[in-house]
Amino acid sequence: MPRLQPMSRLAANILSSYGYFALAALITLFVVPIYVHTLGATQWGTVALCLTFQGLLFAIDVTLGPLMLRDVARASQAGQLHAVFRHFLRRYGGIALLVFVIGQATASWLADTPEQTWALRLALLQFLFQFSNNAALGLWHGQQRQGFANARLAGFALAKHAAAVLLVTQADATAIAFFIPFVVIAAIEFVLNLRRVRHDLAALPDTPGSAAAPTPWRAGVLFVVAAALGMCSAHIDRVFLSLHLPPEQFGIYFLICSLMLSLLHLQLPIQRAFLPPMATTDSPRTVGAAMLRTSMLLLVLPCLLLALIPERLLMLWLGDASIAATAAEPLRLLLVAAALNALYGPSSALLLRQHRYALMTVIHASTLGVQLLVLILLTPSLGMTAGALAWIGCGLVQLAWIAWIHRHAPDAKPHV
């Protein structure tokens with residue numbers, strides 16, 4: 001019977017992912033000002049536009065990443081990693097190629113100037129390699145090799161930014177010059193990672209059979225629907241409020257919501273650490289309980305503690321007393337909502353382990369419906385606070401579903 005990995009290994013995997021997140025934050029803190037100063041407002045505006053577009057495209061991984069974690073963990077035990085990796089490489093590569101082709105055909109419509117068009121074309125070329133590279137990263141994460149995967153990610157990220165800083169500061173301070181190193185090094189990263197994966201797989205048995213077969217396409221489509229609804233739920237507040245709030249109010253809400261989402265993003269290392277053992281154990285609720293304890297320690301408790309001092313937190317971060325006074329209460333609610341939403345993570349992983357995509361779809365649809373209702377009814381009178389209350393509603397609906405799941409969900413066996 002597969003057992004939960006030693007907590008020391010799980011902790012090492014989580015800490016390695018947090019280390020990579022910390023590196024990314026440091027890069028943003030120290031390198032982005034160099035880009036802004038060197039490129040100037042117009043060129044940096046073009047870069048920001050392209051990076052925003054990339055961010056939306058990379059969010060597609062929410063429809064593949066969790067499935068790959070689960071399937072790789074099971075395939076590793078069944079000796080079928082070769083087939084599962086090829087399957088997901090085709091999925092990642094196929095989606096990336098489709099997006100790239102469509103993007104190249106429509107780039108001139110999306111951009112305002114020829115220079116923006118070429119910068120966007122390069123951003124799409126980087127996406128082609130970078131998104132395809134997620135197949136190799138997903139394999140290593142599913143094998144619980146987070147330290148190895150994060151070390152390679154960090155090394156290539158540093159190389160990209162070092163080359164980009166050198167090029168824009170010493171040669172050509174344009175958006176096009178900014179993206180050239182990212183494209184070239186992303187291509188090198190994809191080739192080297194694929195080569196390493198093939199080397200690793202060559203040393204492993206390749207057992208024919210279907211015990212670890214990837215998710216059937218019909219079930220995969222249902223999971224995509226559930227994931228898409230979850231993505232809508234995560235973004236609906238900003239989309240709605242951007243249309244109904246004055247720009248200055250929405251700008252403040254966008255800032256405090258970004259802080260809350262950064263905290264929620266810290267769920268990803270926990271998911272990557274616990275989902276593979278959960279997918280292969282005969283006691284998934286034991287793993288789920290350990291995942292819940294970890295989430296409470298690393299996410300729920302810090303969010304609730306920060307919710308006690310929202311105004312002080314904003315003063316430390318922004319140094320603006322007027323913004324801190326205006327946004328303190330909405331931020332307090334958002335931090336409480338982050339704590340509530342973090343509690344849903346282990347139950348979501350259990351549903352994924354059990355292939356219960358229909359129930360996931362219902363949960364995400366109901367949370368989205370509650371969020372929309374709160375936003376429509378309360379935005380005219382409460383402004384940005386309505387967005388925070390929509391997140392509270394999302395968390396409360398998820399808590400209600402957690403109670404239902406633990407009362408009615410099967411204990412162990414996956415549903416195919």
# chains A, B, ... in the order shown; residues from 1 in each chain; ligands from 1
$ residues_around --residues "Glu189 (chain A)" --least-positions-apart "5" --cutoff "12 Å" --atoms "only C-alpha atoms" --output "ChimeraX atom specification"
/A:126,128-134,136-137,149,152-157,159-160,181-184,194-196
$ closest_atom_pairs --of "region 133-247 of chain A" --to "region 116-120 of chain A" --cutoff "12 Å" --atoms "only C-alpha atoms" --output "JSON lines"
{"residue": "A:Thr174", "atom": "CA", "partner": "A:Ala119", "partner_atom": "CA", "distance": 9.2}
{"residue": "A:Ala175", "atom": "CA", "partner": "A:Ala119", "partner_atom": "CA", "distance": 6.1}
{"residue": "A:Ile176", "atom": "CA", "partner": "A:Ala119", "partner_atom": "CA", "distance": 5.0}
{"residue": "A:Ala177", "atom": "CA", "partner": "A:Ala119", "partner_atom": "CA", "distance": 8.6}
{"residue": "A:Phe178", "atom": "CA", "partner": "A:Ala119", "partner_atom": "CA", "distance": 8.6}
{"residue": "A:Phe179", "atom": "CA", "partner": "A:Ala119", "partner_atom": "CA", "distance": 7.0}
{"residue": "A:Ile180", "atom": "CA", "partner": "A:Ala119", "partner_atom": "CA", "distance": 9.0}
{"residue": "A:Phe182", "atom": "CA", "partner": "A:Ala119", "partner_atom": "CA", "distance": 11.5}
{"residue": "A:Val183", "atom": "CA", "partner": "A:Ala119", "partner_atom": "CA", "distance": 10.9}
$ write_last_selection --atoms "C-alpha atoms" --output "PDB file, in the first residue's frame"
ATOM      1  CA  THR A 174      12.995  48.374 -27.197  1.00  0.00           C
ATOM      2  CA  ALA A 175      10.219  45.891 -26.447  1.00  0.00           C
ATOM      3  CA  ILE A 176      11.410  43.693 -29.305  1.00  0.00           C
ATOM      4  CA  ALA A 177      14.932  43.517 -27.856  1.00  0.00           C
ATOM      5  CA  PHE A 178      13.400  42.650 -24.461  1.00  0.00           C
ATOM      6  CA  PHE A 179      11.641  39.556 -25.808  1.00  0.00           C
ATOM      7  CA  ILE A 180      14.460  38.185 -28.002  1.00  0.00           C
ATOM      8  CA  PHE A 182      13.290  35.190 -23.600  1.00  0.00           C
ATOM      9  CA  VAL A 183      12.450  33.468 -26.894  1.00  0.00           C
TER      10      VAL A 183
END
$ closest_residue --among "A:Ala307, A:Val62, A:Ile14, A:Val239" --to "Gln267 (chain A)" --atoms "only C-alpha atoms"
A:Ile14
$ closest_atom_pairs --of "region 272-372 of chain A" --to "region 388-399 of chain A" --cutoff "6 Å" --atoms "only C-alpha atoms" --output "Markdown table"
| residue | atom | partner | partner_atom | distance |
| --- | --- | --- | --- | --- |
| A:Pro330 | CA | A:Ala388 | CA | 5.7 |
| A:Leu333 | CA | A:Ala388 | CA | 5.7 |
| A:Leu334 | CA | A:Ala388 | CA | 5.1 |
| A:Ala337 | CA | A:Ile392 | CA | 4.7 |
| A:Leu340 | CA | A:Gly395 | CA | 4.9 |
| A:Asn341 | CA | A:Gly395 | CA | 4.9 |
| A:Thr367 | CA | A:Cys394 | CA | 5.0 |
| A:Gln371 | CA | A:Ala390 | CA | 4.6 |
$ atom_distance --atom1 "CA of Leu15 (chain A)" --atom2 "CA of His364 (chain A)"
29.2 Å
$ decode --residues "region 370-398 of chain A" --atoms "N, CA, C and O atoms" --output "PDB file, in the first residue's frame"
ATOM      1  N   VAL A 370     -22.883  32.758  -7.096  1.00  0.00           N
ATOM      2  CA  VAL A 370     -22.982  33.566  -5.874  1.00  0.00           C
ATOM      3  C   VAL A 370     -22.155  34.843  -6.012  1.00  0.00           C
ATOM      4  O   VAL A 370     -22.599  35.936  -5.619  1.00  0.00           O
ATOM      5  N   GLN A 371     -20.969  34.736  -6.583  1.00  0.00           N
ATOM      6  CA  GLN A 371     -20.132  35.924  -6.765  1.00  0.00           C
ATOM      7  C   GLN A 371     -20.820  36.957  -7.653  1.00  0.00           C
ATOM      8  O   GLN A 371     -20.825  38.156  -7.347  1.00  0.00           O
ATOM      9  N   LEU A 372     -21.395  36.500  -8.745  1.00  0.00           N
ATOM     10  CA  LEU A 372     -22.087  37.425  -9.646  1.00  0.00           C
ATOM     11  C   LEU A 372     -23.264  38.093  -8.943  1.00  0.00           C
ATOM     12  O   LEU A 372     -23.496  39.303  -9.105  1.00  0.00           O
ATOM     13  N   LEU A 373     -24.017  37.320  -8.179  1.00  0.00           N
ATOM     14  CA  LEU A 373     -25.166  37.873  -7.465  1.00  0.00           C
ATOM     15  C   LEU A 373     -24.730  38.953  -6.476  1.00  0.00           C
ATOM     16  O   LEU A 373     -25.333  40.039  -6.407  1.00  0.00           O
ATOM     17  N   VAL A 374     -23.677  38.674  -5.719  1.00  0.00           N
ATOM     18  CA  VAL A 374     -23.169  39.660  -4.759  1.00  0.00           C
ATOM     19  C   VAL A 374     -22.695  40.916  -5.470  1.00  0.00           C
ATOM     20  O   VAL A 374     -22.994  42.041  -5.052  1.00  0.00           O
ATOM     21  N   LEU A 375     -21.971  40.753  -6.556  1.00  0.00           N
ATOM     22  CA  LEU A 375     -21.448  41.909  -7.287  1.00  0.00           C
ATOM     23  C   LEU A 375     -22.570  42.762  -7.866  1.00  0.00           C
ATOM     24  O   LEU A 375     -22.546  43.996  -7.777  1.00  0.00           O
ATOM     25  N   ILE A 376     -23.560  42.115  -8.443  1.00  0.00           N
ATOM     26  CA  ILE A 376     -24.665  42.859  -9.060  1.00  0.00           C
ATOM     27  C   ILE A 376     -25.472  43.623  -8.012  1.00  0.00           C
ATOM     28  O   ILE A 376     -25.845  44.788  -8.205  1.00  0.00           O
ATOM     29  N   LEU A 377     -25.729  42.971  -6.871  1.00  0.00           N
ATOM     30  CA  LEU A 377     -26.584  43.588  -5.860  1.00  0.00           C
ATOM     31  C   LEU A 377     -25.869  44.646  -5.018  1.00  0.00           C
ATOM     32  O   LEU A 377     -26.481  45.645  -4.615  1.00  0.00           O
ATOM     33  N   LEU A 378     -24.585  44.453  -4.740  1.00  0.00           N
ATOM     34  CA  LEU A 378     -23.916  45.293  -3.747  1.00  0.00           C
ATOM     35  C   LEU A 378     -22.952  46.326  -4.307  1.00  0.00           C
ATOM     36  O   LEU A 378     -22.606  47.278  -3.599  1.00  0.00           O
ATOM     37  N   THR A 379     -22.488  46.157  -5.533  1.00  0.00           N
ATOM     38  CA  THR A 379     -21.530  47.124  -6.075  1.00  0.00           C
ATOM     39  C   THR A 379     -22.069  48.551  -6.085  1.00  0.00           C
ATOM     40  O   THR A 379     -21.336  49.490  -5.731  1.00  0.00           O
ATOM     41  N   PRO A 380     -23.343  48.800  -6.484  1.00  0.00           N
ATOM     42  CA  PRO A 380     -23.821  50.196  -6.506  1.00  0.00           C
ATOM     43  C   PRO A 380     -23.734  50.892  -5.153  1.00  0.00           C
ATOM     44  O   PRO A 380     -23.504  52.095  -5.089  1.00  0.00           O
ATOM     45  N   SER A 381     -23.910  50.161  -4.057  1.00  0.00           N
ATOM     46  CA  SER A 381     -23.916  50.794  -2.737  1.00  0.00           C
ATOM     47  C   SER A 381     -22.587  50.659  -1.996  1.00  0.00           C
ATOM     48  O   SER A 381     -22.218  51.537  -1.213  1.00  0.00           O
ATOM     49  N   LEU A 382     -21.826  49.572  -2.253  1.00  0.00           N
ATOM     50  CA  LEU A 382     -20.621  49.318  -1.462  1.00  0.00           C
ATOM     51  C   LEU A 382     -19.322  49.492  -2.241  1.00  0.00           C
ATOM     52  O   LEU A 382     -18.243  49.450  -1.644  1.00  0.00           O
ATOM     53  N   GLY A 383     -19.393  49.644  -3.545  1.00  0.00           N
ATOM     54  CA  GLY A 383     -18.186  49.852  -4.327  1.00  0.00           C
ATOM     55  C   GLY A 383     -17.239  48.668  -4.260  1.00  0.00           C
ATOM     56  O   GLY A 383     -17.643  47.515  -4.400  1.00  0.00           O
ATOM     57  N   MET A 384     -15.941  48.949  -3.987  1.00  0.00           N
ATOM     58  CA  MET A 384     -14.933  47.888  -4.015  1.00  0.00           C
ATOM     59  C   MET A 384     -15.168  46.836  -2.938  1.00  0.00           C
ATOM     60  O   MET A 384     -14.747  45.684  -3.085  1.00  0.00           O
ATOM     61  N   THR A 385     -15.878  47.197  -1.859  1.00  0.00           N
ATOM     62  CA  THR A 385     -16.162  46.215  -0.814  1.00  0.00           C
ATOM     63  C   THR A 385     -17.004  45.072  -1.347  1.00  0.00           C
ATOM     64  O   THR A 385     -16.922  43.939  -0.847  1.00  0.00           O
ATOM     65  N   ALA A 386     -17.801  45.335  -2.384  1.00  0.00           N
ATOM     66  CA  ALA A 386     -18.604  44.264  -2.990  1.00  0.00           C
ATOM     67  C   ALA A 386     -17.711  43.177  -3.577  1.00  0.00           C
ATOM     68  O   ALA A 386     -18.053  41.990  -3.518  1.00  0.00           O
ATOM     69  N   GLY A 387     -16.575  43.574  -4.151  1.00  0.00           N
ATOM     70  CA  GLY A 387     -15.648  42.581  -4.680  1.00  0.00           C
ATOM     71  C   GLY A 387     -15.115  41.684  -3.586  1.00  0.00           C
ATOM     72  O   GLY A 387     -15.019  40.453  -3.752  1.00  0.00           O
ATOM     73  N   ALA A 388     -14.758  42.271  -2.446  1.00  0.00           N
ATOM     74  CA  ALA A 388     -14.276  41.481  -1.317  1.00  0.00           C
ATOM     75  C   ALA A 388     -15.367  40.554  -0.785  1.00  0.00           C
ATOM     76  O   ALA A 388     -15.111  39.386  -0.454  1.00  0.00           O
ATOM     77  N   LEU A 389     -16.607  41.065  -0.718  1.00  0.00           N
ATOM     78  CA  LEU A 389     -17.712  40.228  -0.246  1.00  0.00           C
ATOM     79  C   LEU A 389     -18.023  39.095  -1.232  1.00  0.00           C
ATOM     80  O   LEU A 389     -18.468  38.016  -0.819  1.00  0.00           O
ATOM     81  N   ALA A 390     -17.789  39.332  -2.516  1.00  0.00           N
ATOM     82  CA  ALA A 390     -17.959  38.261  -3.497  1.00  0.00           C
ATOM     83  C   ALA A 390     -16.975  37.126  -3.222  1.00  0.00           C
ATOM     84  O   ALA A 390     -17.323  35.942  -3.323  1.00  0.00           O
ATOM     85  N   TRP A 391     -15.737  37.480  -2.853  1.00  0.00           N
ATOM     86  CA  TRP A 391     -14.765  36.446  -2.486  1.00  0.00           C
ATOM     87  C   TRP A 391     -15.172  35.737  -1.197  1.00  0.00           C
ATOM     88  O   TRP A 391     -14.992  34.515  -1.074  1.00  0.00           O
ATOM     89  N   ILE A 392     -15.721  36.485  -0.231  1.00  0.00           N
ATOM     90  CA  ILE A 392     -16.236  35.845   0.988  1.00  0.00           C
ATOM     91  C   ILE A 392     -17.336  34.854   0.631  1.00  0.00           C
ATOM     92  O   ILE A 392     -17.382  33.724   1.147  1.00  0.00           O
ATOM     93  N   GLY A 393     -18.250  35.264  -0.254  1.00  0.00           N
ATOM     94  CA  GLY A 393     -19.311  34.365  -0.693  1.00  0.00           C
ATOM     95  C   GLY A 393     -18.764  33.115  -1.335  1.00  0.00           C
ATOM     96  O   GLY A 393     -19.258  32.001  -1.098  1.00  0.00           O
ATOM     97  N   CYS A 394     -17.725  33.279  -2.160  1.00  0.00           N
ATOM     98  CA  CYS A 394     -17.077  32.126  -2.794  1.00  0.00           C
ATOM     99  C   CYS A 394     -16.558  31.156  -1.732  1.00  0.00           C
ATOM    100  O   CYS A 394     -16.794  29.948  -1.802  1.00  0.00           O
ATOM    101  N   GLY A 395     -15.859  31.692  -0.718  1.00  0.00           N
ATOM    102  CA  GLY A 395     -15.317  30.836   0.327  1.00  0.00           C
ATOM    103  C   GLY A 395     -16.387  30.131   1.141  1.00  0.00           C
ATOM    104  O   GLY A 395     -16.246  28.953   1.486  1.00  0.00           O
ATOM    105  N   LEU A 396     -17.483  30.830   1.440  1.00  0.00           N
ATOM    106  CA  LEU A 396     -18.555  30.219   2.225  1.00  0.00           C
ATOM    107  C   LEU A 396     -19.267  29.113   1.450  1.00  0.00           C
ATOM    108  O   LEU A 396     -19.618  28.064   2.015  1.00  0.00           O
ATOM    109  N   VAL A 397     -19.479  29.343   0.160  1.00  0.00           N
ATOM    110  CA  VAL A 397     -20.103  28.293  -0.663  1.00  0.00           C
ATOM    111  C   VAL A 397     -19.193  27.061  -0.710  1.00  0.00           C
ATOM    112  O   VAL A 397     -19.665  25.919  -0.596  1.00  0.00           O
ATOM    113  N   GLN A 398     -17.897  27.290  -0.847  1.00  0.00           N
ATOM    114  CA  GLN A 398     -16.970  26.163  -0.868  1.00  0.00           C
ATOM    115  C   GLN A 398     -16.965  25.424   0.465  1.00  0.00           C
ATOM    116  O   GLN A 398     -16.894  24.187   0.486  1.00  0.00           O
TER     117      GLN A 398
END
